[in-house]
Amino acid sequence: MPKDGGIGASTKRREDVRFLTGNGHYTDDINLRGQAYVHFLRSDVAHGRLNKVDTSAAEAMPGVLRVFTGADFAEIGGLPCGWLVTDRFGQPMQEPKHPVLAHGKVRHVGDPIAAIVAETREQARDAAEAIVLDIEELPAVVDMKAALAEGATKVHDDLTSNLCYDWGFVEENKGAVDEAFQKAAHVTTLELVNNRLIANPMEPRVAVGDYNRSTGDHTLYTTSQNPHVIRLLMGAFVLGIPEHKLRVVAPDVGGGFGSKIYHYAEEAFCTFAAKALNRPVKWTSSRSEAFMSDAHGRDHVTKIELALDAENNFTAIRTETHANMGAYLSTFAPSIPTWLHGTLMAGNYKTPLIYVNVKAVFTNTVPVDAYRGAGRPEATFQIERVIDKAARELGVDPIALRRQNFITEFPYATPVAVEYDTGDYHATMDKLEEIADLKGFAARRKESEAKGRLRGLGVNCYIEACGIAPSNLVGQLGARAGLYESATVRVNATGGITVMTGSHSHGQGHETSFAQVISEMIGIDADQVEIVHGDTANSPMGMGTYGSRSLAVGGSAMVRATEKIINKARKIAAHLMEAAEGDIELKDGRFSVAGTDKSVAWGDVTLAAYVPHNYPLADLEPGLEETAFYDPSNFTYPSGAYACEVEVDPETGRVTIERFSAADDFGNIVNPMIVTGQVHGGIAQGVGQALLEGCAYDENGQLLTGSFMDYAMPRADDLPFLAVDHSCQTPCTHNPLGVKGCGEAGAIGSPPAVVNAVVDALRSAGRDITHIDMPLTPARVWAAMQG
Amino acid sequence: MYAFEIDRPNTLADAVKALGAEEAQALGGGQTLIPALKQRLASPARLVALSGVAEIKGICTGDDGALCIGGGTTHADVAAGAGAYPALAALAANIGDPAVRNRGTIGGSLANNDPSACYPAAVLGSGATVVTTNRQIAADDFFEGMFTTTLEDGEIITEVRFPVPEAASYQKFEQPASRFALVGVFVARFADGVRVAVTGASEEGVFRWSEAEAALSKDFAPAALEGLSLSGDGMISDLHGSGDYRAHLVAVMTRRAVAAAG
């Protein structure tokens, strides 16, 4: 039994008290004295030459302080890209400029053209309508393959084409992979689309820029998953503000799902304009703006081939993917279809030869970057769909085919450059078969058929690489940043602890789970521990939260800092009890001398550290505060097996999810309740991708899904009860907590389960359907059934 | 939102007078108009809020047995108070979400005549009468295509009179994002025949499916619809479904409505 508030306890989330009672403090709650408001005039055409932006009438409108255009930023850096991908031929990717405000051309619907700062929001909006634009419309580049055709219109005139890069991985293996396909007993081929998604966190983006003329200090309040990264990117690459004069604060943030990782133009603008106008400048995104200015996710078009030998062993995988970058490179965009996707193409299987080709393409659409899972859902979807198709073609059970090819020995070096430290894929599949009651499926199918419904079962596995990431490795792969994490543990004189972490919580519950770790290590109550995050002024340089990295990397930094604290406290305790340091034991918040009844309480030691009257001052500094930076030596590899049962209404094509089961291996678990919640949320988003969500553009680059009237989000009644189990635990071998990360698993593991299930349902009625592209809307399923 | 003046009359007479002003626009529950204002897609100089006009709210039974619903009655109140016409109450209970149902009104919905709204199907399917400040309009004469009705400027829907059928059902197939009707079919059986009204499907807005009505008037059973189908031509075709799909769904939902009405 875990102790109350320690590791393994399902402690209720302390942050929920303020969130659920309306006392959260979000960026839009920040209003500064003298604050002005900015409205961005955005392009309503996808592609056009910006011949003239006449702001004269707008400047004269009531309340208008100033109207900014691209010309104001011509001498200022553009938004930087944080990852350089090198192509198959050893050449760097094509990297276009990304101006803060459009200059020369507009490149997607929503591209900001002008920024109007006024006394009120409505005045700024009124003035925007008085701006006279002369835009010469150009053909929109929307379809990726058309974008790469000879003579296609170029999104960026100064690049040689719309190809960002043509990446091969592992390029040296290409010949051997091709040869394996020639020798294969069976080859299964599948072409599929991984649909473009819009993250839609509950809280839209907000930025408030502030400038103190007397000190020269800048402050940006922003909805960010990683305030330090924004400070570095915006300060160093856009506005030229050194870190010591720039503070970035990301207070309570209402969800990110990746979309709040990136440095956006609006943040840079508000920081810039606050100084230019000597007024705080605030921007609050409307939901409509969010649809056309938040980075989108996914958008891959893929052909995957799986080669098998005569015994149904996987012998090779070969893929060709077109990945949409959108109109500009968002902060981490180039890394998603490459290093977060290609390196996962082994999945849970011992396929000896793999070759992944990715062509990243510029189009006149909103930039695409990481969205919950980021590259790994795309990899998992392809692998798990093609295996299902192969099983059908070969007439074998899809679970048996998977089991036959499972990796069973660890550590396992894949042919795509990563080494899985631990895992037990048979164990999670066994657990899944149990919790999903797969034995009972046939009976349930009969019941559905009696109601006139088609029932299908879809099962799949997944693996992901989390705990992002070893800095030296990602540096070799083109990352322009390290991916360590930091923590400062400040023990106060009376024993309470303040932890300043570089991780950022925007729904994950760090304030609760991180405190549980400290509570366990020291043996004090978790409510003696406060977790502080989101402000560059008080936490050491950290890389923030994404890629299921917070506990594995940020938590490890906190553990390392706490170990330093305990080591020092032990010395102090030894001094207080006049004992040898080696004899001091820490248990339940007390230091004792082994084999004696002598002990001192945690609070006695911490007080001695700050009131060092009886203290080894000659050997030890007073105070009790330590900082640690933790750089992981490997990724972590959560894995699992998912099962989905659907019913399809054959008359309408409507799919309903009847049962959903997830057996995950996240290694050690700090707070099982929070983990369950993370999996629930991930599954909801994965089901959303599979059944409902699909961002669509027309051939002119107009966004067809620009509101919730047309972009379908998953709702509670779209989901059944979710059976979630994480009792299979193979602890991570290389971080001190043995944790792997759980934030993205649900979104990665669920889409193939849903699609596999729908295909199974339709085939049960004799329909020769092998694939339907997501989202599996009623209209699409019905159309597929019409043949 | 642009700036506008707002009147909040308490009587129908004052409301009519206020709507006589230049560029005045009636505001019912605001479930369509307010979002349009926020997006700056509409810019009336003056809004006349009808929510304070008590005389156009409420539900009663007329001398002829018709269920009479005030034009300013909210969907939630119809859901709770139209027990005499269960299919209508059920329809109201499934419009939008609780926030929409607590603000949106039947008169507002009908005046707007969204091609995917539910109420037009009930009104046309029931052969109801739309009563306005000027006249009484038969349902068959009221709807004039997408977002268009026979209402004149300044005319307010004060009441809708629904003859109560022997049996009825509304079957809605929801558009996955908005949950408006991708296709909604209202079937009502009266002593003198069956009416079938379809919303969500046609580019012309709500319409009656006369072949189905004829077949069902002879035999009110799903089997009577066998072999009947509509063409996808003239049906709405969009991201959520082709014209052919909508035409297909009309037949499916009609069968289901007949089955549910019993």
# chains A, B, ... in the order shown; residues from 1 in each chain; ligands from 1
call {"tool": "residues_around", "arguments": {"residues": "region 57-63 of chain B", "least_positions_apart": "4", "cutoff": "12 Å", "atoms": "only C-alpha atoms", "output": "count of residues only"}}
result
39
call {"tool": "select_by_dssp", "arguments": {"residues": "region 629-661 of chain A", "states": "strand (DSSP E)", "output": "PyMOL selection string"}}
result
chain A and resi 629-630+639-648+655-661
call {"tool": "write_last_selection", "arguments": {"atoms": "C-alpha atoms", "output": "JSON list (two decimals), in the first residue's frame"}}
result
[["chain", "number", "residue", "atom", "x", "y", "z"],
["A", 629, "PHE", "CA", 19.69, 19.72, -14.33],
["A", 630, "TYR", "CA", 18.84, 16.27, -15.62],
["A", 639, "SER", "CA", 3.86, 0.66, -24.73],
["A", 640, "GLY", "CA", 0.54, -1.04, -24.63],
["A", 641, "ALA", "CA", -2.27, -2.87, -26.33],
["A", 642, "TYR", "CA", -5.69, -1.38, -27.10],
["A", 643, "ALA", "CA", -8.99, -2.90, -28.11],
["A", 644, "CYS", "CA", -12.02, -1.20, -29.54],
["A", 645, "GLU", "CA", -15.44, -2.65, -30.29],
["A", 646, "VAL", "CA", -17.74, -0.69, -32.53],
["A", 647, "GLU", "CA", -21.20, -1.00, -33.87],
["A", 648, "VAL", "CA", -21.91, 0.26, -37.36],
["A", 655, "VAL", "CA", -20.20, 4.26, -35.95],
["A", 656, "THR", "CA", -20.62, 4.03, -32.20],
["A", 657, "ILE", "CA", -17.93, 2.86, -29.85],
["A", 658, "GLU", "CA", -19.37, 0.18, -27.61],
["A", 659, "ARG", "CA", -16.31, -0.89, -25.64],
["A", 660, "PHE", "CA", -12.81, 0.48, -25.37],
["A", 661, "SER", "CA", -9.99, -1.10, -23.39]]
call {"tool": "atom_distance", "arguments": {"atom1": "CA of Asp44 (chain A)", "atom2": "CA of Ile116 (chain A)"}}
result
16.8 Å
call {"tool": "closest_atom_pairs", "arguments": {"of": "chain B", "to": "chain A", "cutoff": "10 Å", "atoms": "only C-alpha atoms", "output": "CSV"}}
result
residue,atom,partner,partner_atom,distance
B:Met1,CA,A:Glu122,CA,7.5
B:Tyr2,CA,A:Glu122,CA,7.8
B:Ala3,CA,A:Glu122,CA,9.1
B:Gln39,CA,A:Ser288,CA,8.8
B:Arg40,CA,A:Arg125,CA,9.8
B:Phe173,CA,A:Thr652,CA,8.8
B:Glu174,CA,A:Pro778,CA,9.9
B:Gln175,CA,A:Asp710,CA,8.5
B:Pro176,CA,A:Ala712,CA,5.9
B:Ala177,CA,A:Ala712,CA,3.8
B:Ser178,CA,A:Met709,CA,4.3
B:Arg179,CA,A:Met709,CA,8.1
B:Phe180,CA,A:Met709,CA,8.7
B:Asp238,CA,A:Leu704,CA,9.6
B:Leu239,CA,A:Leu704,CA,7.9
B:His240,CA,A:Ala779,CA,6.5
B:Gly241,CA,A:Ala779,CA,5.2
B:Ser242,CA,A:Ala779,CA,7.5
B:Asp244,CA,A:Ala783,CA,9.5
B:Tyr245,CA,A:Ala779,CA,6.7
B:Arg246,CA,A:Ala779,CA,8.9
B:His248,CA,A:Thr652,CA,8.3
B:Leu249,CA,A:Thr652,CA,6.7
B:Ala251,CA,A:Glu651,CA,9.9
B:Val252,CA,A:Glu651,CA,6.9
B:Met253,CA,A:Thr652,CA,9.2
call {"tool": "select_by_dssp", "arguments": {"residues": "region 446-649 of chain A", "states": "helix (DSSP H, G or I)", "output": "count of residues only"}}
result
66
call {"tool": "residues_around", "arguments": {"residues": "Ser116 (chain B)", "least_positions_apart": "4", "cutoff": "12 Å", "atoms": "only C-alpha atoms", "output": "PyMOL selection string"}}
result
(chain A and resi 709) or (chain B and resi 95-96+109-110+112+120-121+145-147+172-175+178-185+198-207+235-236+246)
call {"tool": "atom_distance", "arguments": {"atom1": "CA of Gly495 (chain A)", "atom2": "CA of Pro227 (chain A)"}}
result
29.0 Å
call {"tool": "atom_distance", "arguments": {"atom1": "CA of Ile156 (chain B)", "atom2": "CA of Pro9 (chain B)"}}
result
13.0 Å
call {"tool": "residues_around", "arguments": {"residues": "region 586-589 of chain A", "least_positions_apart": "3", "cutoff": "7 Å", "atoms": "only C-alpha atoms", "output": "JSON, numbers by chain"}}
result
{"A": [522, 523, 524, 592, 601, 602]}
call {"tool": "write_last_selection", "arguments": {"atoms": "N, CA and C atoms", "output": "short mmCIF file (atom, residue, chain, number, x, y, z; two decimals), in the first residue's frame"}}
result
data_model
loop_
_atom_site.label_atom_id
_atom_site.label_comp_id
_atom_site.auth_asym_id
_atom_site.auth_seq_id
_atom_site.Cartn_x
_atom_site.Cartn_y
_atom_site.Cartn_z
N ILE A 522 11.33 12.19 1.29
CA ILE A 522 11.74 12.74 2.58
C ILE A 522 10.89 12.19 3.72
N GLY A 523 9.66 11.84 3.38
CA GLY A 523 8.79 11.31 4.43
C GLY A 523 8.02 12.39 5.14
N ILE A 524 7.83 13.53 4.46
CA ILE A 524 6.96 14.56 5.02
C ILE A 524 5.64 14.57 4.24
N SER A 592 17.77 9.44 11.94
CA SER A 592 18.14 8.73 13.16
C SER A 592 19.53 8.12 12.99
N ALA A 601 14.13 15.51 14.02
CA ALA A 601 13.07 15.66 13.02
C ALA A 601 13.59 16.48 11.84
N TRP A 602 12.93 16.28 10.70
CA TRP A 602 13.25 17.04 9.49
C TRP A 602 13.30 18.54 9.77
#
call {"tool": "closest_residue", "arguments": {"among": "A:Thr676, A:Gln786, A:Asn567, A:Asn312", "to": "Gly395 (chain A)", "atoms": "only C-alpha atoms"}}
result
A:Asn312
call {"tool": "closest_residue", "arguments": {"among": "A:Glu243, A:Asp134, A:Asp773, A:Glu172", "to": "Val758 (chain A)", "atoms": "only C-alpha atoms"}}
result
A:Asp773
call {"tool": "residues_around", "arguments": {"residues": "Arg103 (chain B)", "least_positions_apart": "3", "cutoff": "7 Å", "atoms": "only C-alpha atoms", "output": "ChimeraX atom specification"}}
result
/B:29,74,99-100
call {"tool": "residues_around", "arguments": {"residues": "region 679-683 of chain A", "least_positions_apart": "5", "cutoff": "8 Å", "atoms": "only C-alpha atoms", "output": "list in words"}}
result
Arg372, Leu722, Val724, Cys742, Gly743, Glu744, Ala745, Gly746, Ala747, Ile748, Gly749 and Ser750 of chain A
call {"tool": "residues_around", "arguments": {"residues": "Ala45 (chain B)", "least_positions_apart": "2", "cutoff": "10 Å", "atoms": "only C-alpha atoms", "output": "PyMOL selection string"}}
result
chain B and resi 2-6+21-25+42-43+47
call {"tool": "write_last_selection", "arguments": {"atoms": "N, CA and C atoms", "output": "PDB file, in the first residue's frame"}}
result
ATOM      1  N   TYR B   2     -20.592  45.246 -33.670  1.00  0.00           N
ATOM      2  CA  TYR B   2     -20.677  46.695 -33.848  1.00  0.00           C
ATOM      3  C   TYR B   2     -21.625  47.243 -32.789  1.00  0.00           C
ATOM      4  N   ALA B   3     -21.508  48.528 -32.545  1.00  0.00           N
ATOM      5  CA  ALA B   3     -22.423  49.154 -31.589  1.00  0.00           C
ATOM      6  C   ALA B   3     -23.831  49.182 -32.176  1.00  0.00           C
ATOM      7  N   PHE B   4     -24.803  49.042 -31.313  1.00  0.00           N
ATOM      8  CA  PHE B   4     -26.203  49.118 -31.752  1.00  0.00           C
ATOM      9  C   PHE B   4     -27.056  49.610 -30.595  1.00  0.00           C
ATOM     10  N   GLU B   5     -28.227  50.098 -30.942  1.00  0.00           N
ATOM     11  CA  GLU B   5     -29.205  50.486 -29.923  1.00  0.00           C
ATOM     12  C   GLU B   5     -30.061  49.263 -29.632  1.00  0.00           C
ATOM     13  N   ILE B   6     -30.605  49.206 -28.432  1.00  0.00           N
ATOM     14  CA  ILE B   6     -31.503  48.084 -28.146  1.00  0.00           C
ATOM     15  C   ILE B   6     -32.767  48.568 -27.447  1.00  0.00           C
ATOM     16  N   ALA B  21     -38.903  51.322 -36.563  1.00  0.00           N
ATOM     17  CA  ALA B  21     -37.758  52.231 -36.720  1.00  0.00           C
ATOM     18  C   ALA B  21     -36.839  51.731 -37.842  1.00  0.00           C
ATOM     19  N   GLU B  22     -36.076  52.651 -38.360  1.00  0.00           N
ATOM     20  CA  GLU B  22     -35.183  52.308 -39.463  1.00  0.00           C
ATOM     21  C   GLU B  22     -34.121  51.295 -39.019  1.00  0.00           C
ATOM     22  N   GLU B  23     -33.876  50.327 -39.860  1.00  0.00           N
ATOM     23  CA  GLU B  23     -32.834  49.311 -39.619  1.00  0.00           C
ATOM     24  C   GLU B  23     -33.015  48.554 -38.311  1.00  0.00           C
ATOM     25  N   ALA B  24     -34.257  48.454 -37.859  1.00  0.00           N
ATOM     26  CA  ALA B  24     -34.508  47.703 -36.625  1.00  0.00           C
ATOM     27  C   ALA B  24     -34.628  46.225 -36.955  1.00  0.00           C
ATOM     28  N   GLN B  25     -34.153  45.411 -36.029  1.00  0.00           N
ATOM     29  CA  GLN B  25     -34.201  43.963 -36.242  1.00  0.00           C
ATOM     30  C   GLN B  25     -34.681  43.295 -34.969  1.00  0.00           C
ATOM     31  N   ALA B  42     -23.448  40.652 -39.124  1.00  0.00           N
ATOM     32  CA  ALA B  42     -24.700  41.401 -39.186  1.00  0.00           C
ATOM     33  C   ALA B  42     -24.453  42.721 -38.471  1.00  0.00           C
ATOM     34  N   SER B  43     -25.107  43.764 -38.947  1.00  0.00           N
ATOM     35  CA  SER B  43     -24.857  45.068 -38.331  1.00  0.00           C
ATOM     36  C   SER B  43     -26.145  45.896 -38.239  1.00  0.00           C
ATOM     37  N   LEU B  47     -31.680  46.783 -32.233  1.00  0.00           N
ATOM     38  CA  LEU B  47     -32.277  45.484 -31.952  1.00  0.00           C
ATOM     39  C   LEU B  47     -33.516  45.685 -31.095  1.00  0.00           C
TER      40      LEU B  47
END
call {"tool": "closest_residue", "arguments": {"among": "A:Asp210, A:Gly373, A:Cys81, A:Lys439", "to": "Thr331 (chain A)", "atoms": "only C-alpha atoms"}}
result
A:Cys81
call {"tool": "decode", "arguments": {"residues": "region 225-254 of chain B", "atoms": "N, CA and C atoms", "output": "PDB file, in the first residue's frame"}}
result
ATOM      1  N   LEU B 225     -42.979   2.258 -47.627  1.00  0.00           N
ATOM      2  CA  LEU B 225     -41.997   3.156 -48.250  1.00  0.00           C
ATOM      3  C   LEU B 225     -41.043   2.418 -49.186  1.00  0.00           C
ATOM      4  N   GLU B 226     -41.161   1.115 -49.218  1.00  0.00           N
ATOM      5  CA  GLU B 226     -40.238   0.324 -50.035  1.00  0.00           C
ATOM      6  C   GLU B 226     -40.238   0.790 -51.482  1.00  0.00           C
ATOM      7  N   GLY B 227     -39.043   0.955 -52.019  1.00  0.00           N
ATOM      8  CA  GLY B 227     -38.935   1.363 -53.414  1.00  0.00           C
ATOM      9  C   GLY B 227     -39.003   2.873 -53.621  1.00  0.00           C
ATOM     10  N   LEU B 228     -39.373   3.610 -52.564  1.00  0.00           N
ATOM     11  CA  LEU B 228     -39.418   5.068 -52.717  1.00  0.00           C
ATOM     12  C   LEU B 228     -38.057   5.662 -52.418  1.00  0.00           C
ATOM     13  N   SER B 229     -37.620   6.568 -53.258  1.00  0.00           N
ATOM     14  CA  SER B 229     -36.353   7.234 -52.971  1.00  0.00           C
ATOM     15  C   SER B 229     -36.380   8.622 -53.579  1.00  0.00           C
ATOM     16  N   LEU B 230     -35.467   9.437 -53.095  1.00  0.00           N
ATOM     17  CA  LEU B 230     -35.341  10.798 -53.607  1.00  0.00           C
ATOM     18  C   LEU B 230     -34.032  10.902 -54.379  1.00  0.00           C
ATOM     19  N   SER B 231     -33.978  11.850 -55.271  1.00  0.00           N
ATOM     20  CA  SER B 231     -32.736  12.082 -56.002  1.00  0.00           C
ATOM     21  C   SER B 231     -31.804  12.946 -55.160  1.00  0.00           C
ATOM     22  N   GLY B 232     -30.504  12.740 -55.332  1.00  0.00           N
ATOM     23  CA  GLY B 232     -29.523  13.588 -54.647  1.00  0.00           C
ATOM     24  C   GLY B 232     -29.407  14.966 -55.282  1.00  0.00           C
ATOM     25  N   ASP B 233     -29.979  15.138 -56.454  1.00  0.00           N
ATOM     26  CA  ASP B 233     -29.911  16.453 -57.101  1.00  0.00           C
ATOM     27  C   ASP B 233     -30.707  17.463 -56.277  1.00  0.00           C
ATOM     28  N   GLY B 234     -30.123  18.607 -56.054  1.00  0.00           N
ATOM     29  CA  GLY B 234     -30.819  19.634 -55.287  1.00  0.00           C
ATOM     30  C   GLY B 234     -30.696  19.446 -53.787  1.00  0.00           C
ATOM     31  N   MET B 235     -30.047  18.364 -53.390  1.00  0.00           N
ATOM     32  CA  MET B 235     -29.780  18.174 -51.964  1.00  0.00           C
ATOM     33  C   MET B 235     -28.474  18.890 -51.606  1.00  0.00           C
ATOM     34  N   ILE B 236     -28.366  19.290 -50.350  1.00  0.00           N
ATOM     35  CA  ILE B 236     -27.139  19.943 -49.894  1.00  0.00           C
ATOM     36  C   ILE B 236     -25.990  18.937 -49.974  1.00  0.00           C
ATOM     37  N   SER B 237     -24.866  19.389 -50.508  1.00  0.00           N
ATOM     38  CA  SER B 237     -23.684  18.541 -50.576  1.00  0.00           C
ATOM     39  C   SER B 237     -22.537  19.321 -49.947  1.00  0.00           C
ATOM     40  N   ASP B 238     -21.983  18.794 -48.880  1.00  0.00           N
ATOM     41  CA  ASP B 238     -20.913  19.522 -48.184  1.00  0.00           C
ATOM     42  C   ASP B 238     -19.965  18.533 -47.534  1.00  0.00           C
ATOM     43  N   LEU B 239     -19.099  19.085 -46.709  1.00  0.00           N
ATOM     44  CA  LEU B 239     -18.117  18.309 -45.964  1.00  0.00           C
ATOM     45  C   LEU B 239     -18.734  17.123 -45.220  1.00  0.00           C
ATOM     46  N   HIS B 240     -19.969  17.266 -44.795  1.00  0.00           N
ATOM     47  CA  HIS B 240     -20.579  16.274 -43.913  1.00  0.00           C
ATOM     48  C   HIS B 240     -21.406  15.231 -44.645  1.00  0.00           C
ATOM     49  N   GLY B 241     -21.582  15.409 -45.931  1.00  0.00           N
ATOM     50  CA  GLY B 241     -22.320  14.404 -46.664  1.00  0.00           C
ATOM     51  C   GLY B 241     -22.698  14.907 -48.051  1.00  0.00           C
ATOM     52  N   SER B 242     -22.706  13.999 -48.998  1.00  0.00           N
ATOM     53  CA  SER B 242     -23.072  14.341 -50.363  1.00  0.00           C
ATOM     54  C   SER B 242     -24.593  14.453 -50.481  1.00  0.00           C
ATOM     55  N   GLY B 243     -25.031  14.970 -51.598  1.00  0.00           N
ATOM     56  CA  GLY B 243     -26.470  15.014 -51.868  1.00  0.00           C
ATOM     57  C   GLY B 243     -27.064  13.616 -51.885  1.00  0.00           C
ATOM     58  N   ASP B 244     -26.341  12.677 -52.478  1.00  0.00           N
ATOM     59  CA  ASP B 244     -26.838  11.296 -52.532  1.00  0.00           C
ATOM     60  C   ASP B 244     -26.993  10.710 -51.125  1.00  0.00           C
ATOM     61  N   TYR B 245     -26.018  11.015 -50.272  1.00  0.00           N
ATOM     62  CA  TYR B 245     -26.087  10.499 -48.904  1.00  0.00           C
ATOM     63  C   TYR B 245     -27.302  11.081 -48.186  1.00  0.00           C
ATOM     64  N   ARG B 246     -27.503  12.375 -48.362  1.00  0.00           N
ATOM     65  CA  ARG B 246     -28.663  12.994 -47.702  1.00  0.00           C
ATOM     66  C   ARG B 246     -29.968  12.390 -48.234  1.00  0.00           C
ATOM     67  N   ALA B 247     -30.028  12.209 -49.556  1.00  0.00           N
ATOM     68  CA  ALA B 247     -31.250  11.627 -50.139  1.00  0.00           C
ATOM     69  C   ALA B 247     -31.493  10.239 -49.550  1.00  0.00           C
ATOM     70  N   HIS B 248     -30.415   9.473 -49.415  1.00  0.00           N
ATOM     71  CA  HIS B 248     -30.525   8.139 -48.818  1.00  0.00           C
ATOM     72  C   HIS B 248     -31.020   8.234 -47.375  1.00  0.00           C
ATOM     73  N   LEU B 249     -30.434   9.177 -46.629  1.00  0.00           N
ATOM     74  CA  LEU B 249     -30.814   9.304 -45.217  1.00  0.00           C
ATOM     75  C   LEU B 249     -32.279   9.706 -45.056  1.00  0.00           C
ATOM     76  N   VAL B 250     -32.794  10.483 -45.995  1.00  0.00           N
ATOM     77  CA  VAL B 250     -34.207  10.874 -45.893  1.00  0.00           C
ATOM     78  C   VAL B 250     -35.075   9.617 -45.855  1.00  0.00           C
ATOM     79  N   ALA B 251     -34.776   8.669 -46.743  1.00  0.00           N
ATOM     80  CA  ALA B 251     -35.566   7.437 -46.785  1.00  0.00           C
ATOM     81  C   ALA B 251     -35.404   6.649 -45.483  1.00  0.00           C
ATOM     82  N   VAL B 252     -34.156   6.564 -44.998  1.00  0.00           N
ATOM     83  CA  VAL B 252     -33.909   5.806 -43.761  1.00  0.00           C
ATOM     84  C   VAL B 252     -34.633   6.455 -42.581  1.00  0.00           C
ATOM     85  N   MET B 253     -34.498   7.762 -42.465  1.00  0.00           N
ATOM     86  CA  MET B 253     -35.100   8.456 -41.316  1.00  0.00           C
ATOM     87  C   MET B 253     -36.628   8.438 -41.411  1.00  0.00           C
ATOM     88  N   THR B 254     -37.150   8.480 -42.623  1.00  0.00           N
ATOM     89  CA  THR B 254     -38.611   8.403 -42.766  1.00  0.00           C
ATOM     90  C   THR B 254     -39.113   7.043 -42.280  1.00  0.00           C
TER      91      THR B 254
END
